[in-house]
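What follows is the content of data09.txt, which has compact mmCIF, C-alpha atoms:
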# COMPACT_ATOMS: atom_id res chain seq x y z
CA MET J 1 83.20 44.29 94.82
CA LYS J 2 86.70 45.68 95.52
CA ASN J 3 86.20 48.42 92.92
CA TYR J 4 82.86 49.35 94.48
CA LEU J 5 84.45 49.74 97.94
CA LYS J 6 87.33 51.74 96.50
CA ILE J 7 84.92 54.11 94.72
CA LEU J 8 82.85 54.43 97.89
CA LYS J 9 85.93 55.31 99.98
CA ILE J 10 87.09 57.89 97.44
CA SER J 11 83.61 59.43 97.30
CA ILE J 12 83.34 59.71 101.08
CA PHE J 13 86.83 61.21 101.31
CA SER J 14 86.01 63.72 98.55
CA ILE J 15 82.81 64.83 100.29
CA PHE J 16 84.65 65.20 103.61
CA LEU J 17 87.43 67.22 101.92
CA PHE J 18 84.90 69.49 100.19
CA ILE J 19 83.09 70.19 103.47
CA THR J 20 86.39 70.92 105.25
CA ILE J 21 87.64 73.33 102.59
CA ASN J 22 84.39 75.30 102.47
CA GLN J 23 84.17 75.60 106.23
CA LYS J 24 83.17 78.96 107.68
CA VAL J 25 82.82 79.85 111.35
CA GLN J 26 81.54 82.78 113.44
CA ALA J 27 84.44 84.91 114.61
CA GLN J 28 85.36 87.45 117.29
CA VAL J 29 85.75 90.61 115.16
CA PHE J 30 87.63 93.91 115.35
CA PRO J 31 87.44 96.77 112.81
CA ILE J 32 90.84 97.82 111.54
CA ILE J 33 92.39 101.28 111.31
CA MET J 34 94.43 101.83 108.16
CA ALA J 35 97.11 104.37 107.35
CA ASP J 36 96.39 107.27 105.01
CA SER J 37 98.48 105.79 102.18
CA VAL J 38 99.26 102.47 100.57
CA ASN J 39 102.27 100.40 101.78
CA LYS J 40 102.31 102.08 105.18
CA PHE J 41 101.34 100.47 108.50
CA GLY J 42 98.44 102.00 110.35
CA PRO J 43 98.50 102.77 114.08
CA PRO J 44 98.75 99.82 116.49
CA GLN J 45 95.46 98.53 117.85
CA GLN J 46 95.00 96.57 121.06
CA CYS J 47 92.66 93.56 120.80
CA GLU J 48 91.66 91.15 123.51
CA VAL J 49 91.14 87.78 121.86
CA PHE J 50 89.89 84.93 124.04
CA GLY J 51 91.30 86.61 127.13
CA GLN J 52 94.72 87.34 125.62
CA LEU J 53 96.02 90.76 124.59
CA LEU J 54 97.21 91.20 121.00
CA GLN J 55 98.55 94.23 119.16
CA VAL J 56 97.53 94.45 115.51
CA ARG J 57 98.80 96.74 112.74
CA THR J 58 97.61 96.58 109.13
CA LYS J 59 99.06 97.77 105.86
CA LEU J 60 97.16 97.90 102.57
CA LEU J 61 99.32 96.50 99.79
CA LYS J 62 97.03 96.86 96.78
CA HIS J 63 93.48 96.64 95.47
CA PHE J 64 92.75 94.68 92.32
CA GLY J 65 89.43 93.49 90.98
CA THR J 66 87.28 92.91 94.05
CA THR J 67 90.14 91.99 96.41
CA CYS J 68 92.12 94.11 98.86
CA MET J 69 95.52 92.69 99.82
CA TYR J 70 96.81 93.47 103.33
CA GLU J 71 99.80 92.75 105.52
CA VAL J 72 98.70 92.18 109.09
CA GLU J 73 101.29 92.33 111.88
CA ILE J 74 100.17 90.58 115.07
CA THR J 75 102.13 90.83 118.33
CA ASN J 76 101.34 88.65 121.34
CA LYS J 77 101.31 91.02 124.35
CA SER J 78 99.97 88.43 126.82
CA GLN J 79 101.88 86.07 129.11
CA LYS J 80 100.68 82.86 127.41
CA ASP J 81 101.14 81.36 123.95
CA ILE J 82 98.37 82.12 121.48
CA ASN J 83 97.06 79.62 118.97
CA THR J 84 94.19 80.95 116.86
CA ARG J 85 93.09 81.56 113.28
CA VAL J 86 92.76 85.06 111.81
CA GLY J 87 91.18 86.36 108.63
CA PHE J 88 89.01 89.12 107.23
CA THR J 89 85.30 88.60 107.74
CA SER J 90 82.91 88.14 104.86
CA LEU J 91 80.22 90.64 103.91
CA ASN J 92 77.86 87.71 103.40
CA GLY J 93 74.76 88.85 105.29
CA GLY J 94 76.72 90.47 108.12
CA LYS J 95 77.35 87.12 109.81
CA ASN J 96 81.04 87.82 110.62
CA GLU J 97 82.22 84.59 109.01
CA VAL J 98 85.87 83.86 108.31
CA PHE J 99 86.55 81.44 105.49
CA ALA J 100 89.34 78.96 106.16
CA VAL J 101 90.77 79.48 102.69
CA ASN J 102 91.32 83.25 103.31
CA SER J 103 92.76 82.96 106.80
CA ALA J 104 96.06 82.23 108.53
CA MET J 105 96.99 80.27 111.62
CA VAL J 106 98.54 82.43 114.36
CA ARG J 107 100.89 80.65 116.77
CA LEU J 108 102.87 83.12 118.85
CA LYS J 109 104.81 82.99 122.09
CA PRO J 110 104.60 85.97 124.48
CA ASN J 111 106.22 89.17 123.10
CA TYR J 112 106.73 87.67 119.62
CA TYR J 113 105.18 88.97 116.43
CA ALA J 114 104.50 87.73 112.92
CA VAL J 115 103.32 89.32 109.66
CA TYR J 116 100.63 87.66 107.56
CA LYS J 117 99.39 88.45 104.05
CA LEU J 118 95.61 88.33 104.05
CA GLU J 119 92.91 89.12 101.49
CA LYS J 120 89.63 90.91 101.94
CA ARG J 121 87.38 89.82 99.11
CA GLU J 122 84.09 91.24 97.86
CA CYS J 123 85.38 94.87 97.79
CA LEU J 124 84.12 96.78 94.78
CA LYS J 125 85.81 99.99 93.66
CA LYS J 126 82.47 101.77 93.09
CA GLY J 127 84.01 104.61 91.06
CA LYS J 128 86.79 105.35 93.53
CA LYS J 129 90.35 105.59 92.22
CA ASN J 130 92.05 105.72 95.64
CA PRO J 131 92.63 102.13 96.89
CA ILE J 132 92.39 103.25 100.54
CA GLU J 133 88.89 104.66 99.99
CA SER J 134 87.69 101.67 98.01
CA CYS J 135 88.98 99.19 100.61
CA MET J 136 87.48 101.17 103.51
CA THR J 137 84.02 101.18 101.93
CA CYS J 138 83.83 97.40 102.34
CA ASN J 139 84.26 97.72 106.13
CA PRO J 140 87.42 95.63 106.73
CA THR J 141 87.19 93.74 110.02
CA LEU J 142 89.56 91.09 111.32
CA GLY J 143 88.02 87.96 112.72
CA PHE J 144 89.71 85.65 115.21
CA LEU J 145 88.55 82.06 115.66
What does this structure look like when you write it as structure tokens?
Amino acid sequence: MKNYLKILKISIFSIFLFITINQKVQAQVFPIIMADSVNKFGPPQQCEVFGQLLQVRTKLLKHFGTTCMYEVEITNKSQKDINTRVGFTSLNGGKNEVFAVNSAMVRLKPNYYAVYKLEKRECLKKGKKNPIESCMTCNPTLGFL
């Protein structure tokens, strides 16, 4: 009987963990503006996320396989702390979903900034040799939860 309860507890915990890891949520999205070359930050963009003003700059690091690697610099320009999750949205049916596994937690005080490494998956090269062109064809948009 003890073994049965132990197996049941482990099974329930495993199912809960699996559901938590594969969680995806609708996001507030903003298209990004990239620089004209790799390893260079694009122009700053102002985003209002849940009533708070953020400044976002992105830099494409590299493109390999079907993944574009970015550095995203986020600056809190509002007067309150911000506590949100950020990630690139999925192309899955245009639903603007951010997967928890590809996102980062943003916790910033006013006038502070942080740089996050984020991935945009599902980006095919489609015959393009320039990584900027191939990453722009997959419509990179940041999603805030």
Could you jot down the atom CA of Ser37 of chain J to atom CA of Val101 of chain J separation for me, Å, one decimal place?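 About the pair atom CA of Ser37 of chain J and atom CA of Val101 of chain J: they are 27.4 Å apart.
Atom CA of Gln46 of chain J is found 24.9 Å from atom CA of Pro131 of chain J.
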Minimum-distance residue to Asn111 of chain J, chosen among J:Thr58, J:Thr66, J:Gln79, J:Asn39 (using all atoms listed in the file):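 For Asn111 of chain J, the nearest of the given residues is J:Gln79.
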What separation in Å, quoted to one decimal, exists between atom CA of Met34 of chain J and atom CA of Phe50 of chain J? 23.6 Å
Using all atoms listed in the file, which residue out of J:Lys59, J:Pro110, J:Lys125, J:Ser90 lies closest to Thr141 of chain J?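 For Thr141 of chain J, the nearest of the candidates is J:Ser90.
Shortest separation to Gly143 of chain J among J:Phe41, J:Phe88, J:Tyr70, J:Tyr112 occurs at residue J:Phe88, atoms counted being all atoms listed in the file.
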Could you work out an axis-aligned bounding box for all listed atoms of segment 49-63 of chain J, with 3 Å added on each of the six sides, and give its centre and edge lengths in Å to one decimal, as lines of an AutoDock Vina configuration file?
center_x = 94.6
center_y = 91.4
center_z = 111.3
size_x = 15.4
size_y = 19.0
size_z = 37.7
Against segment 132-135 of chain J, which residues of segment 16-76 of chain J fall within 10 Å? For each one I want the closest pair of atoms and the distance in Å (one decimal), counting all atoms listed in the file, rows by chain and increasing residue number, as a tab-separated table.
residue	atom	partner	partner_atom	distance
J:Met34	CA	J:Ile132	CA	8.0
J:Ala35	CA	J:Ile132	CA	8.4
J:Asp36	CA	J:Ile132	CA	7.2
J:Ser37	CA	J:Ile132	CA	6.8
J:Val38	CA	J:Ile132	CA	6.9
J:Leu60	CA	J:Ile132	CA	7.4
J:Leu61	CA	J:Ile132	CA	9.7
J:Lys62	CA	J:Ile132	CA	8.7
J:His63	CA	J:Cys135	CA	7.3
J:Thr66	CA	J:Cys135	CA	9.2
J:Thr67	CA	J:Cys135	CA	8.4
J:Cys68	CA	J:Cys135	CA	6.2
J:Met69	CA	J:Cys135	CA	9.3
Can you pull out every residue within 12 Å of Phe30 of chain J, counting all atoms listed in the file, but drop anything in the same chain fewer than 5 positions away, and send it as a VMD selection string? chain J and resid 45 to 49 54 to 57 86 to 89 96 139 to 145
Which of these residues is nearest to Ile32 of chain J, using all atoms listed in the file: J:Val106, J:Val98, J:Cys123, J:Val72?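 The answer is J:Val72, which sits nearest to Ile32 of chain J.
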Nearest to Ala100 of chain J by atom-to-atom distance, counting all atoms listed in the file, from J:Glu119, J:Leu53, J:Cys138, J:Tyr113: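 Using all atoms listed in the file, the shortest distance to Ala100 of chain J belongs to J:Glu119.
Using only C-alpha atoms, the smallest distance between any of J:Ile7, J:Lys40, J:Met136, J:Ile74 and Lys120 of chain J comes from J:Met136.
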